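Shown below: input_18.tsv, with TSV, C-alpha atoms.
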```
chain	number	residue	atom	x	y	z
A	6	MET	CA	4.87	28.23	-7.55
A	7	LEU	CA	3.89	25.66	-10.18
A	8	ILE	CA	5.26	22.27	-9.15
A	9	LEU	CA	4.86	19.05	-11.11
A	10	VAL	CA	5.10	15.98	-8.87
A	11	ALA	CA	6.12	12.81	-10.70
A	12	ASN	CA	5.30	9.28	-9.53
A	13	LEU	CA	7.02	6.69	-11.70
A	14	GLY	CA	7.05	2.99	-12.38
A	15	SER	CA	9.16	0.99	-14.79
A	16	THR	CA	6.50	1.35	-17.51
A	17	SER	CA	4.27	4.07	-16.05
A	18	PHE	CA	4.22	7.83	-15.53
A	19	LYS	CA	1.82	9.59	-13.16
A	20	TYR	CA	1.86	13.17	-11.99
A	21	LYS	CA	-0.01	16.04	-10.37
A	22	LEU	CA	0.56	19.70	-11.17
A	23	TYR	CA	0.19	22.03	-8.19
A	24	ASP	CA	-0.11	25.78	-7.84
A	25	LEU	CA	1.30	25.94	-4.35
A	26	VAL	CA	2.30	28.43	-1.69
A	27	PRO	CA	2.11	26.66	1.72
A	28	GLY	CA	-0.04	28.54	4.21
A	29	ASP	CA	-1.78	30.37	1.39
A	30	HIS	CA	-3.01	28.01	-1.31
A	31	GLU	CA	-2.37	24.42	-2.43
A	32	THR	CA	-4.32	23.83	-5.61
A	33	ALA	CA	-4.06	20.75	-7.81
A	34	LEU	CA	-4.43	22.11	-11.34
A	35	ALA	CA	-4.20	18.79	-13.16
A	36	GLU	CA	-3.30	15.16	-12.82
A	37	GLY	CA	-2.29	12.73	-15.52
A	38	ALA	CA	-1.01	9.27	-16.23
A	39	ALA	CA	0.35	7.02	-18.92
A	40	ASP	CA	1.01	3.29	-18.80
A	41	ARG	CA	2.64	0.61	-20.98
A	42	LEU	CA	5.63	2.82	-21.79
A	43	GLY	CA	7.77	1.00	-24.33
A	44	LEU	CA	5.14	-1.70	-24.78
A	45	GLY	CA	2.97	0.02	-27.40
A	46	ALA	CA	-0.59	1.34	-27.11
A	47	SER	CA	-0.03	3.41	-23.96
A	48	ASN	CA	-3.22	4.53	-22.23
A	49	TRP	CA	-2.97	8.18	-21.21
A	50	SER	CA	-5.26	10.54	-19.33
A	51	ILE	CA	-5.35	14.08	-18.01
A	52	LYS	CA	-7.94	15.53	-15.60
A	53	THR	CA	-8.53	19.07	-14.44
A	54	ASP	CA	-11.36	20.57	-12.42
A	55	LYS	CA	-12.99	21.67	-15.68
A	56	ASP	CA	-12.00	19.11	-18.28
A	57	SER	CA	-10.62	15.67	-18.95
A	58	SER	CA	-8.92	14.01	-21.86
A	59	LYS	CA	-7.70	10.50	-22.56
A	60	GLY	CA	-6.61	8.23	-25.37
A	61	VAL	CA	-4.12	5.67	-26.60
A	62	VAL	CA	-0.74	6.49	-28.14
A	63	ASP	CA	2.63	4.80	-28.53
A	64	LEU	CA	5.08	6.17	-25.97
A	65	ALA	CA	8.53	4.62	-26.13
A	66	ASP	CA	9.81	5.78	-22.75
A	67	HIS	CA	9.46	8.31	-19.95
A	68	ALA	CA	10.99	11.05	-22.10
A	69	GLN	CA	8.23	10.71	-24.69
A	70	ALA	CA	5.57	10.51	-21.98
A	71	ILE	CA	6.86	13.72	-20.43
A	72	ASP	CA	6.91	15.55	-23.75
A	73	PHE	CA	3.44	14.28	-24.70
A	74	HIS	CA	1.80	15.32	-21.43
A	75	PHE	CA	3.35	18.78	-21.41
A	76	LYS	CA	1.94	19.38	-24.89
A	77	GLU	CA	-1.49	18.20	-23.75
A	78	LEU	CA	-1.38	20.45	-20.69
A	79	ILE	CA	-0.68	23.37	-23.01
A	80	ASN	CA	-3.48	22.31	-25.39
A	81	LEU	CA	-5.92	22.16	-22.45
A	82	GLY	CA	-4.87	25.64	-21.36
A	83	VAL	CA	-3.56	24.47	-17.99
A	84	ILE	CA	-0.21	26.13	-18.70
A	85	ASP	CA	0.87	28.57	-21.39
A	86	SER	CA	4.22	26.92	-21.98
A	87	ILE	CA	6.65	24.44	-20.49
A	88	ASP	CA	8.56	27.35	-18.98
A	89	ALA	CA	5.56	28.09	-16.74
A	90	VAL	CA	6.50	25.12	-14.53
A	91	ASP	CA	8.81	26.24	-11.71
A	92	ALA	CA	9.97	22.87	-10.40
A	93	ILE	CA	9.65	19.11	-10.68
A	94	GLY	CA	9.37	17.01	-7.53
A	95	PHE	CA	9.95	13.28	-7.38
A	96	LYS	CA	8.55	10.82	-4.82
A	97	ALA	CA	11.92	9.09	-4.91
A	98	VAL	CA	12.31	5.77	-3.13
A	99	HIS	CA	15.84	4.80	-2.07
A	100	GLY	CA	18.74	7.21	-1.68
A	101	GLY	CA	20.67	5.19	0.88
A	102	PRO	CA	22.58	7.72	3.00
A	103	ILE	CA	20.81	10.69	1.38
A	104	SER	CA	17.97	11.80	3.62
A	105	GLY	CA	15.19	14.30	3.13
A	106	ALA	CA	14.34	16.36	0.07
A	107	VAL	CA	17.31	17.51	-1.98
A	108	LYS	CA	18.03	19.10	-5.33
A	109	VAL	CA	18.78	16.50	-7.97
A	110	ASP	CA	22.37	16.56	-9.20
A	111	ASP	CA	24.90	14.02	-10.44
A	112	GLN	CA	25.75	12.93	-6.90
A	113	VAL	CA	22.11	12.21	-6.09
A	114	ILE	CA	21.67	10.21	-9.29
A	115	ASP	CA	24.91	8.29	-8.69
A	116	THR	CA	23.83	7.42	-5.14
A	117	MET	CA	20.44	6.25	-6.36
A	118	GLN	CA	22.26	4.09	-8.89
A	119	ASP	CA	24.35	2.60	-6.09
A	120	PHE	CA	21.12	1.51	-4.37
A	121	ALA	CA	19.32	0.39	-7.52
A	122	ASP	CA	20.17	-3.24	-6.71
A	123	VAL	CA	17.94	-3.09	-3.62
A	124	ALA	CA	15.25	-0.95	-5.29
A	125	PRO	CA	15.19	-2.48	-8.79
A	126	ALA	CA	11.56	-1.61	-9.52
A	127	HIS	CA	11.85	1.99	-8.36
A	128	ASN	CA	15.28	3.60	-8.69
A	129	PRO	CA	15.98	2.85	-12.38
A	130	PRO	CA	12.79	4.50	-13.73
A	131	TYR	CA	13.31	7.52	-11.49
A	132	ILE	CA	16.90	7.88	-12.63
A	133	ALA	CA	15.78	7.62	-16.26
A	134	ALA	CA	13.06	10.24	-15.76
A	135	MET	CA	15.37	12.63	-13.93
A	136	LYS	CA	17.81	12.44	-16.82
A	137	ALA	CA	15.00	12.87	-19.34
A	138	PHE	CA	13.62	15.94	-17.56
A	139	ALA	CA	17.12	17.43	-17.28
A	140	LYS	CA	17.70	16.93	-21.01
A	141	GLN	CA	14.34	18.29	-22.14
A	142	LEU	CA	13.90	20.97	-19.46
A	143	PRO	CA	17.39	21.93	-18.29
A	144	SER	CA	16.28	25.22	-16.74
A	145	ILE	CA	13.67	23.66	-14.43
A	146	PRO	CA	15.07	22.55	-11.03
A	147	GLN	CA	14.35	19.03	-9.83
A	148	VAL	CA	13.91	17.90	-6.24
A	149	ALA	CA	14.02	14.32	-4.97
A	150	ALA	CA	11.92	13.78	-1.83
A	151	PHE	CA	13.10	10.41	-0.57
A	152	GLU	CA	10.54	8.10	1.02
A	153	THR	CA	13.06	7.12	3.67
A	154	ALA	CA	13.34	10.65	5.08
A	155	PHE	CA	10.26	10.54	7.32
A	156	HIS	CA	11.67	7.51	9.10
A	157	GLN	CA	14.99	9.03	10.17
A	158	SER	CA	13.39	9.66	13.57
A	159	ILE	CA	13.07	5.91	14.24
A	160	PRO	CA	15.36	4.90	17.14
A	161	MET	CA	18.47	3.07	16.00
A	162	SER	CA	17.45	0.06	18.10
A	163	ARG	CA	14.58	-0.41	15.63
A	164	GLN	CA	16.75	0.24	12.57
A	165	VAL	CA	19.53	-2.29	13.03
A	166	TYR	CA	19.45	-5.94	12.05
A	167	GLY	CA	21.16	-8.58	14.17
A	168	ILE	CA	24.14	-8.66	11.81
A	169	PRO	CA	27.86	-7.90	12.15
A	170	TYR	CA	27.94	-4.22	13.09
A	171	GLU	CA	30.30	-3.24	10.28
A	172	TRP	CA	27.71	-4.38	7.72
A	173	THR	CA	25.48	-1.63	9.10
A	174	THR	CA	28.15	1.06	9.34
A	175	ASP	CA	30.15	0.26	6.20
A	176	LEU	CA	27.48	-1.07	3.83
A	177	GLY	CA	24.39	0.75	5.04
A	178	ILE	CA	22.43	-2.44	5.69
A	179	ARG	CA	19.65	-1.45	8.08
A	180	ARG	CA	15.92	-0.80	8.19
A	181	TYR	CA	15.17	2.37	6.24
A	182	GLY	CA	11.37	2.46	6.00
A	183	PHE	CA	9.45	3.67	2.96
A	184	HIS	CA	6.09	5.22	2.00
A	185	GLY	CA	7.39	8.28	3.81
A	186	ALA	CA	5.22	10.77	1.93
A	187	SER	CA	2.03	8.85	2.70
A	188	HIS	CA	2.86	8.35	6.38
A	189	ARG	CA	3.97	11.99	6.70
A	190	TYR	CA	0.63	13.11	5.25
A	191	ILE	CA	-1.33	11.02	7.76
A	192	ALA	CA	0.92	12.26	10.58
A	193	THR	CA	0.08	15.82	9.55
A	194	ARG	CA	-3.61	15.27	8.88
A	195	MET	CA	-4.77	13.31	11.93
A	196	PRO	CA	-4.16	16.07	14.53
A	197	GLN	CA	-6.07	18.40	12.22
A	198	LEU	CA	-9.05	16.03	12.34
A	199	ASP	CA	-8.81	15.71	16.14
A	200	SER	CA	-6.29	17.64	18.21
A	201	SER	CA	-6.23	14.89	20.86
A	202	ILE	CA	-4.59	12.46	18.44
A	203	SER	CA	-0.84	12.10	18.93
A	204	LYS	CA	-0.25	8.33	18.67
A	205	VAL	CA	-1.19	6.87	15.29
A	206	ILE	CA	-0.83	3.46	13.66
A	207	ASN	CA	-1.15	4.06	9.93
A	208	CYS	CA	-1.87	1.14	7.60
A	209	HIS	CA	-0.89	2.07	4.04
A	210	LEU	CA	-2.28	-0.94	2.18
A	211	GLY	CA	-2.26	-1.14	-1.61
A	212	GLY	CA	-0.12	-2.74	-4.28
A	213	SER	CA	2.74	-1.95	-1.93
A	214	CYS	CA	2.00	-2.09	1.79
A	215	SER	CA	3.51	-0.77	5.01
A	216	ILE	CA	2.44	0.02	8.54
A	217	CYS	CA	3.90	2.88	10.53
A	218	ALA	CA	3.87	3.86	14.20
A	219	ILE	CA	3.70	7.64	14.54
A	220	GLU	CA	4.07	9.63	17.76
A	221	ASN	CA	3.75	13.42	17.92
A	222	GLY	CA	4.03	13.65	14.15
A	223	LYS	CA	7.20	11.55	13.89
A	224	SER	CA	7.80	8.02	12.68
A	225	VAL	CA	8.98	5.73	15.46
A	226	ALA	CA	8.63	2.37	13.64
A	227	ASN	CA	7.93	1.16	10.12
A	228	SER	CA	7.31	-2.33	8.77
A	229	PHE	CA	9.64	-1.91	5.77
A	230	GLY	CA	13.26	-2.87	6.19
A	231	MET	CA	16.31	-2.48	3.96
A	232	THR	CA	14.17	-2.72	0.84
A	233	ALA	CA	10.61	-2.20	-0.33
A	234	GLN	CA	10.28	-5.97	-0.74
A	235	SER	CA	10.02	-6.50	3.02
A	236	GLY	CA	7.59	-6.02	5.90
A	237	THR	CA	3.95	-6.89	5.38
A	238	PHE	CA	2.65	-8.90	2.44
A	239	HIS	CA	2.35	-6.92	-0.79
A	240	ALA	CA	0.33	-7.48	-3.95
A	241	SER	CA	3.12	-9.43	-5.63
A	242	ARG	CA	6.15	-8.91	-3.38
A	243	VAL	CA	7.13	-11.27	-0.62
A	244	GLY	CA	7.23	-9.17	2.54
A	245	ASP	CA	9.25	-10.55	5.46
A	246	PHE	CA	11.18	-13.67	4.47
A	247	ASP	CA	13.80	-15.81	6.18
A	248	ALA	CA	17.10	-15.26	4.36
A	249	PHE	CA	18.23	-18.79	5.28
A	250	ALA	CA	15.41	-20.23	3.18
A	251	LEU	CA	17.65	-19.42	0.22
A	252	MET	CA	19.72	-22.45	1.22
A	253	LYS	CA	16.72	-24.62	0.42
A	254	LEU	CA	15.96	-22.81	-2.82
A	255	LEU	CA	19.50	-22.75	-4.21
A	256	THR	CA	19.81	-26.49	-4.68
A	257	PRO	CA	20.13	-28.60	-7.85
A	258	GLU	CA	16.70	-30.09	-7.16
A	259	THR	CA	14.88	-26.77	-7.62
A	260	GLY	CA	16.74	-25.72	-10.75
A	261	LEU	CA	16.48	-22.11	-9.55
A	262	ASP	CA	19.25	-19.56	-9.79
A	263	LEU	CA	19.48	-16.41	-7.70
A	264	ASP	CA	18.12	-14.11	-10.42
A	265	THR	CA	15.04	-16.30	-10.83
A	266	ILE	CA	14.49	-16.41	-7.08
A	267	TRP	CA	14.71	-12.60	-6.82
A	268	LYS	CA	12.19	-12.28	-9.64
A	269	LYS	CA	9.76	-14.66	-7.99
A	270	LEU	CA	10.12	-13.00	-4.59
A	271	GLY	CA	9.72	-9.53	-6.10
A	272	LYS	CA	7.04	-10.11	-8.73
A	273	GLU	CA	5.36	-13.47	-8.17
A	274	SER	CA	4.85	-13.60	-4.40
A	275	GLY	CA	2.57	-11.90	-1.87
A	276	LEU	CA	-1.14	-12.12	-2.65
A	277	LEU	CA	-0.41	-13.37	-6.16
A	278	GLY	CA	2.03	-16.04	-5.07
A	279	ILE	CA	-0.23	-17.60	-2.45
A	280	SER	CA	-3.58	-17.23	-4.17
A	281	GLY	CA	-2.47	-18.12	-7.69
A	282	VAL	CA	-5.40	-15.96	-8.73
A	283	SER	CA	-4.38	-12.31	-8.75
A	284	SER	CA	-2.35	-9.57	-7.12
A	285	ASP	CA	-5.57	-7.52	-6.83
A	286	MET	CA	-7.18	-7.85	-3.40
A	287	ARG	CA	-10.67	-7.44	-4.89
A	288	GLU	CA	-10.18	-10.46	-7.12
A	289	VAL	CA	-8.61	-12.47	-4.31
A	290	ILE	CA	-11.62	-11.79	-2.05
A	291	GLU	CA	-14.02	-12.65	-4.88
A	292	ALA	CA	-12.25	-15.97	-5.47
A	293	ALA	CA	-12.17	-16.71	-1.74
A	294	ASP	CA	-15.91	-16.07	-1.48
A	295	ALA	CA	-16.40	-18.48	-4.39
A	296	GLY	CA	-14.64	-21.24	-2.46
A	297	ASN	CA	-11.05	-20.95	-3.64
A	298	ASP	CA	-9.00	-22.21	-0.67
A	299	ARG	CA	-5.71	-20.67	-1.82
A	300	ALA	CA	-7.37	-17.29	-2.27
A	301	LYS	CA	-8.83	-17.51	1.22
A	302	LEU	CA	-5.41	-18.43	2.59
A	303	ALA	CA	-3.87	-15.43	0.81
A	304	PHE	CA	-6.46	-13.09	2.34
A	305	ASP	CA	-6.12	-14.60	5.81
A	306	ALA	CA	-2.33	-14.45	5.67
A	307	PHE	CA	-2.45	-10.82	4.52
A	308	VAL	CA	-4.70	-9.99	7.47
A	309	GLU	CA	-2.36	-11.78	9.88
A	310	THR	CA	0.71	-9.87	8.70
A	311	CYS	CA	-1.18	-6.58	9.16
A	312	ARG	CA	-2.36	-7.56	12.63
A	313	HIS	CA	1.17	-8.63	13.53
A	314	TYR	CA	2.47	-5.10	12.96
A	315	VAL	CA	-0.58	-3.40	14.49
A	316	GLY	CA	-0.03	-5.44	17.66
A	317	SER	CA	3.68	-4.70	17.65
A	318	TYR	CA	3.10	-0.98	17.28
A	319	LEU	CA	0.52	-0.91	20.05
A	320	ALA	CA	3.41	-2.06	22.23
A	321	VAL	CA	5.81	0.50	20.74
A	322	LEU	CA	3.37	3.37	21.34
A	323	ASN	CA	1.90	2.08	24.61
A	324	GLY	CA	-1.51	2.18	22.95
A	325	ALA	CA	-2.80	4.28	20.07
A	326	ASP	CA	-5.13	7.23	19.73
A	327	ALA	CA	-6.00	6.31	16.15
A	328	LEU	CA	-5.75	3.37	13.77
A	329	VAL	CA	-5.83	4.64	10.18
A	330	PHE	CA	-6.44	2.83	6.89
A	331	THR	CA	-5.18	4.38	3.67
A	332	GLY	CA	-4.00	3.22	0.24
A	333	GLY	CA	-6.11	1.42	-2.36
A	334	ILE	CA	-6.88	-1.62	-0.21
A	335	GLY	CA	-7.03	0.21	3.10
A	336	GLN	CA	-9.45	2.82	1.81
A	337	HIS	CA	-11.72	0.56	-0.22
A	338	SER	CA	-11.78	-2.92	1.33
A	339	LYS	CA	-14.33	-2.95	4.14
A	340	VAL	CA	-13.82	-6.72	4.46
A	341	LEU	CA	-10.10	-6.24	5.08
A	342	ARG	CA	-10.64	-3.47	7.64
A	343	LYS	CA	-13.15	-5.57	9.55
A	344	ALA	CA	-10.77	-8.54	9.63
A	345	VAL	CA	-7.79	-6.47	10.80
A	346	CYS	CA	-9.83	-4.88	13.61
A	347	ALA	CA	-11.41	-8.13	14.81
A	348	ASN	CA	-10.81	-9.16	18.44
A	349	LEU	CA	-8.83	-6.07	19.34
A	350	ASP	CA	-11.26	-5.05	22.08
A	351	PHE	CA	-8.52	-5.71	24.68
A	352	ALA	CA	-6.59	-2.81	23.11
A	353	GLY	CA	-9.62	-0.52	23.07
A	354	ILE	CA	-10.11	-0.92	19.31
A	355	LYS	CA	-13.75	-1.43	18.40
A	356	LEU	CA	-15.08	-1.10	14.86
A	357	ASP	CA	-18.57	0.17	14.09
A	358	VAL	CA	-19.68	-2.39	11.52
A	359	ASP	CA	-22.30	-0.14	9.94
A	360	LYS	CA	-19.94	2.83	9.60
A	361	ASN	CA	-17.32	0.55	8.09
A	362	GLU	CA	-19.84	-0.75	5.55
A	363	GLN	CA	-20.91	2.75	4.58
A	364	ALA	CA	-17.42	4.26	4.20
A	365	ASN	CA	-16.81	4.84	0.50
A	366	GLY	CA	-13.02	5.09	0.71
A	367	ASN	CA	-12.72	8.43	-1.05
A	368	GLU	CA	-13.63	10.56	1.95
A	369	GLU	CA	-12.22	10.96	5.44
A	370	THR	CA	-14.48	8.80	7.59
A	371	ALA	CA	-14.45	7.75	11.23
A	372	ILE	CA	-15.52	4.11	11.55
A	373	HIS	CA	-14.96	3.38	15.25
A	374	ALA	CA	-17.69	2.40	17.70
A	375	ALA	CA	-18.93	4.96	20.21
A	376	ASP	CA	-17.21	3.13	23.09
A	377	SER	CA	-13.92	2.52	21.26
A	378	LYS	CA	-10.97	3.99	23.17
A	379	THR	CA	-8.98	4.12	19.93
A	380	GLN	CA	-10.39	6.01	16.97
A	381	ILE	CA	-10.48	4.16	13.64
A	382	TRP	CA	-10.34	6.18	10.42
A	383	VAL	CA	-10.36	5.79	6.68
A	384	VAL	CA	-8.25	8.64	5.30
A	385	PRO	CA	-7.28	9.04	1.62
A	386	THR	CA	-3.58	9.78	1.45
A	387	ASN	CA	-2.01	12.58	-0.58
A	388	GLU	CA	1.62	11.76	-1.24
A	389	GLU	CA	1.92	14.23	-4.10
A	390	LEU	CA	0.94	17.17	-1.91
A	391	ILE	CA	3.66	16.26	0.60
A	392	VAL	CA	6.26	16.08	-2.17
A	393	ALA	CA	5.06	19.43	-3.56
A	394	ARG	CA	5.47	21.02	-0.12
A	395	GLN	CA	8.93	19.53	0.28
A	396	THR	CA	9.93	20.73	-3.19
A	397	PHE	CA	8.74	24.25	-2.35
A	398	ASP	CA	10.72	24.22	0.88
A	399	VAL	CA	13.95	23.10	-0.81
A	400	LEU	CA	13.71	25.81	-3.46
A	401	THR	CA	12.78	28.64	-1.11
A	402	GLN	CA	15.21	27.99	1.73
```
Hey, can you dump this file as C-alpha cells for me?
Amino acid sequence: MLILVANLGSTSFKYKLYDLVPGDHETALAEGAADRLGLGASNWSIKTDKDSSKGVVDLADHAQAIDFHFKELINLGVIDSIDAVDAIGFKAVHGGPISGAVKVDDQVIDTMQDFADVAPAHNPPYIAAMKAFAKQLPSIPQVAAFETAFHQSIPMSRQVYGIPYEWTTDLGIRRYGFHGASHRYIATRMPQLDSSISKVINCHLGGSCSICAIENGKSVANSFGMTAQSGTFHASRVGDFDAFALMKLLTPETGLDLDTIWKKLGKESGLLGISGVSSDMREVIEAADAGNDRAKLAFDAFVETCRHYVGSYLAVLNGADALVFTGGIGQHSKVLRKAVCANLDFAGIKLDVDKNEQANGNEETAIHAADSKTQIWVVPTNEELIVARQTFDVLTQ
C-alpha cells in the first residue's frame, strides 16, 4: 500500500511516501517539504534513495504545495500518477474526544475545528490540508492519527486538573498528552533494542518538547496538558504557566489584551522569550558560551524543566530501564544531554561522557556508563512510520 504521511504547519508542508505492508516491508520511497506557503519564494525539496531535487517557487497555500509535489513525484518517477497513492495519513494533533486513528469525514473535521482554539498552530492547517486533499483527490481515503491517542492509557488521576469536575466532564478540560506518534515509536523500538527494557522515560526535545513515562509499551504519564503550549519549555512556547498570573498581566499598566498575551505565550516565550536571542537551542548555547547571561538562564531553565519531569517519572515508574533522548535537540545536543543526566547517580543514571560526545544524533546509540543501572540512549524518532502503520490498520480492518 502506498501511503503519503503529511506533517503540516501553518506555512509548511512536509511528507513521507511509504510503500508499506506491516510485517513484510516498510519502505520510505520519498520525502519532501515546502516552507513559506503564502509568503512567496517557498523553498521546496524532494529526496529519494536515488535522487534529490529542490528549488524555490511561489506556493500560495497547502493545496498548491500538494499539487506541486505530486507533479514532482511523477516527474522523478516515484509514482506513475496521483492515483497510485492508496491513502493519506495525517499526524493530527487535537481531536478532543476523538481518540486513535480514524477516517477523515465531516464529523472529524468539525471536531478538530471545535478544538482549534486550544491548538491554534496545528488544527487549522490540518483542516485546510484535509479539505484541499479531499477536493483535489476525492477518491483517496484520508486517515487522521491523533497525537493524543497513545496517551489514553494514562490513569485518570494523572489526567484531571484540580478544577470543578463538570469542567472535565462537560467541557473536556483535562490533560491529553501529545507527540503520541513519537512516543509510540520509542515505546515500540526500545524493547527491540533490548528485550529487558519495559520502563522508559522518553525525552522528545525539539521545537516542541514533551517527556513521557512508558511502561510495557503504554503511556502512563506525559508532560503535555490540555494543549501543546504546556509542559516543559519549548522553543518559543511557554510550557507550564500559572493561570493566575493572567491577573497581573491583564491590568491597565501593562497595556496587554488577552489576544496579545496568548500570542506572546505561544510564539514569544520558551527559549526565545528568556534568552532574547533565538528559539534555536544551538544559537542559545552559542550565546551562553559567549557570556550572554540571559541565554545561559534560558538553557539552565530548559534543563531544569526536563529534569523536573524526569524525576517525576522516575517516581511514577518506580525507576526506569532506559532514559531516551529524541527530537532535534535531544538527538543532537550533547551539552543538553549531559546537563539533564547530571547528578542522577542516586537513580542509577550514569552517562558515559565519551560516548555522549561521540554520538552523532542520526543513529541509535547507547551512551550510558558501564555501571549505570539505567540505560541511556539517543534514538532518532520516526513519527511518519507510526502514522503510516496506523493508516494501514484503519483501511484494512
Within 6 Å of segment 317-333 of chain A, counting only C-alpha atoms, which residues show up once you throw out same-chain ones fewer than 3 positions away? Write them as a PyMOL selection string, please. chain A and resi 202+204-211+218+314+336+379-385
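Of the listed residues A:Ser284, A:Thr237, A:Gln402, A:Ser215, the one whose atoms come nearest to His313 of chain A is A:Thr237, with distances taken using all atoms listed in the file.
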Would you kindly identify which residues have an atom no farther than 10 Å from (4.6, -7.0, 1.8), using all atoms listed in the file and the file's own coordinates, and write them out as a ChimeraX atom specification? /A:210-216,228-229,233-246,271,274-276,307,310-311
Out of A:His188, A:Asp298, A:Ala92, A:Thr173, which residue has the shortest atom-to-atom distance to Leu142 of chain A when counting only C-alpha atoms?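 The shortest atom-to-atom distance to Leu142 of chain A comes from A:Ala92.
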So which one's closest to Ser144 of chain A, A:Asp91, A:Asn221, A:Gly45, A:Asp63? Using all atoms listed in the file, please.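 Selected residue with least distance to Ser144 of chain A: A:Asp91.
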Of the candidates A:Glu77, A:Asp54, A:Glu152, A:Asp357, which one gets nearest to Tyr181 of chain A if we count all atoms listed in the file?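 Nearest to Tyr181 of chain A: A:Glu152.
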Quick one: distance from atom CA of Ile93 of chain A to atom CA of Pro146 of chain A in Å, one decimal? 6.4 Å
Neighbouring residues of segment 153-170 of chain A were defined as those with any atom within 10 Å, considering all atoms listed in the file; residues of the same chain fewer than 4 positions away were excluded. Please report them as a PyMOL selection string. chain A and resi 97-106+174-189+217-219+222-227+229-231
Calculated over all atoms listed in the file, which of the candidates A:Ala124, A:Val345, A:Ala133, A:Val10 has the smallest distance to Trp267 of chain A? A:Ala124
For segment 124-144 of chain A, which lacks atoms in the input, supply N, CA and C atoms and format the output as a PDB file, keeping the file's coordinate frame.
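Result file is selection-v2.pdb:
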```pdb
ATOM      1  N   ALA A 124      16.516  -1.582  -4.892  1.00  0.00           N
ATOM      2  CA  ALA A 124      15.250  -0.950  -5.290  1.00  0.00           C
ATOM      3  C   ALA A 124      15.116  -1.054  -6.804  1.00  0.00           C
ATOM      4  N   PRO A 125      15.132  -2.284  -7.336  1.00  0.00           N
ATOM      5  CA  PRO A 125      15.190  -2.480  -8.790  1.00  0.00           C
ATOM      6  C   PRO A 125      13.937  -2.037  -9.531  1.00  0.00           C
ATOM      7  N   ALA A 126      12.797  -2.018  -8.858  1.00  0.00           N
ATOM      8  CA  ALA A 126      11.560  -1.610  -9.520  1.00  0.00           C
ATOM      9  C   ALA A 126      11.323  -0.114  -9.444  1.00  0.00           C
ATOM     10  N   HIS A 127      12.110   0.576  -8.622  1.00  0.00           N
ATOM     11  CA  HIS A 127      11.850   1.990  -8.360  1.00  0.00           C
ATOM     12  C   HIS A 127      12.968   2.919  -8.825  1.00  0.00           C
ATOM     13  N   ASN A 128      14.197   2.662  -8.386  1.00  0.00           N
ATOM     14  CA  ASN A 128      15.280   3.600  -8.690  1.00  0.00           C
ATOM     15  C   ASN A 128      15.570   3.756 -10.179  1.00  0.00           C
ATOM     16  N   PRO A 129      15.662   2.670 -10.956  1.00  0.00           N
ATOM     17  CA  PRO A 129      15.980   2.850 -12.380  1.00  0.00           C
ATOM     18  C   PRO A 129      15.015   3.751 -13.139  1.00  0.00           C
ATOM     19  N   PRO A 130      13.665   3.586 -12.997  1.00  0.00           N
ATOM     20  CA  PRO A 130      12.790   4.500 -13.730  1.00  0.00           C
ATOM     21  C   PRO A 130      12.884   5.947 -13.258  1.00  0.00           C
ATOM     22  N   TYR A 131      13.152   6.156 -11.976  1.00  0.00           N
ATOM     23  CA  TYR A 131      13.310   7.520 -11.490  1.00  0.00           C
ATOM     24  C   TYR A 131      14.589   8.152 -12.044  1.00  0.00           C
ATOM     25  N   ILE A 132      15.648   7.380 -12.072  1.00  0.00           N
ATOM     26  CA  ILE A 132      16.900   7.880 -12.630  1.00  0.00           C
ATOM     27  C   ILE A 132      16.705   8.243 -14.101  1.00  0.00           C
ATOM     28  N   ALA A 133      16.023   7.357 -14.845  1.00  0.00           N
ATOM     29  CA  ALA A 133      15.780   7.620 -16.260  1.00  0.00           C
ATOM     30  C   ALA A 133      14.946   8.883 -16.457  1.00  0.00           C
ATOM     31  N   ALA A 134      13.926   9.061 -15.622  1.00  0.00           N
ATOM     32  CA  ALA A 134      13.060  10.240 -15.760  1.00  0.00           C
ATOM     33  C   ALA A 134      13.793  11.519 -15.378  1.00  0.00           C
ATOM     34  N   MET A 135      14.599  11.454 -14.326  1.00  0.00           N
ATOM     35  CA  MET A 135      15.370  12.630 -13.930  1.00  0.00           C
ATOM     36  C   MET A 135      16.300  13.078 -15.050  1.00  0.00           C
ATOM     37  N   LYS A 136      16.928  12.122 -15.697  1.00  0.00           N
ATOM     38  CA  LYS A 136      17.810  12.440 -16.820  1.00  0.00           C
ATOM     39  C   LYS A 136      17.015  12.990 -18.001  1.00  0.00           C
ATOM     40  N   ALA A 137      15.833  12.412 -18.227  1.00  0.00           N
ATOM     41  CA  ALA A 137      15.000  12.870 -19.340  1.00  0.00           C
ATOM     42  C   ALA A 137      14.507  14.290 -19.106  1.00  0.00           C
ATOM     43  N   PHE A 138      14.053  14.584 -17.891  1.00  0.00           N
ATOM     44  CA  PHE A 138      13.620  15.940 -17.560  1.00  0.00           C
ATOM     45  C   PHE A 138      14.775  16.929 -17.704  1.00  0.00           C
ATOM     46  N   ALA A 139      15.958  16.533 -17.218  1.00  0.00           N
ATOM     47  CA  ALA A 139      17.120  17.430 -17.280  1.00  0.00           C
ATOM     48  C   ALA A 139      17.497  17.731 -18.729  1.00  0.00           C
ATOM     49  N   LYS A 140      17.353  16.736 -19.599  1.00  0.00           N
ATOM     50  CA  LYS A 140      17.700  16.930 -21.010  1.00  0.00           C
ATOM     51  C   LYS A 140      16.681  17.810 -21.717  1.00  0.00           C
ATOM     52  N   GLN A 141      15.393  17.559 -21.442  1.00  0.00           N
ATOM     53  CA  GLN A 141      14.340  18.290 -22.140  1.00  0.00           C
ATOM     54  C   GLN A 141      14.064  19.655 -21.511  1.00  0.00           C
ATOM     55  N   LEU A 142      14.247  19.733 -20.182  1.00  0.00           N
ATOM     56  CA  LEU A 142      13.900  20.970 -19.460  1.00  0.00           C
ATOM     57  C   LEU A 142      15.057  21.360 -18.537  1.00  0.00           C
ATOM     58  N   PRO A 143      16.190  21.688 -19.103  1.00  0.00           N
ATOM     59  CA  PRO A 143      17.390  21.930 -18.290  1.00  0.00           C
ATOM     60  C   PRO A 143      17.283  23.105 -17.329  1.00  0.00           C
ATOM     61  N   SER A 144      16.382  24.037 -17.594  1.00  0.00           N
ATOM     62  CA  SER A 144      16.280  25.220 -16.740  1.00  0.00           C
ATOM     63  C   SER A 144      15.359  25.022 -15.542  1.00  0.00           C
TER      64      SER A 144
END
```
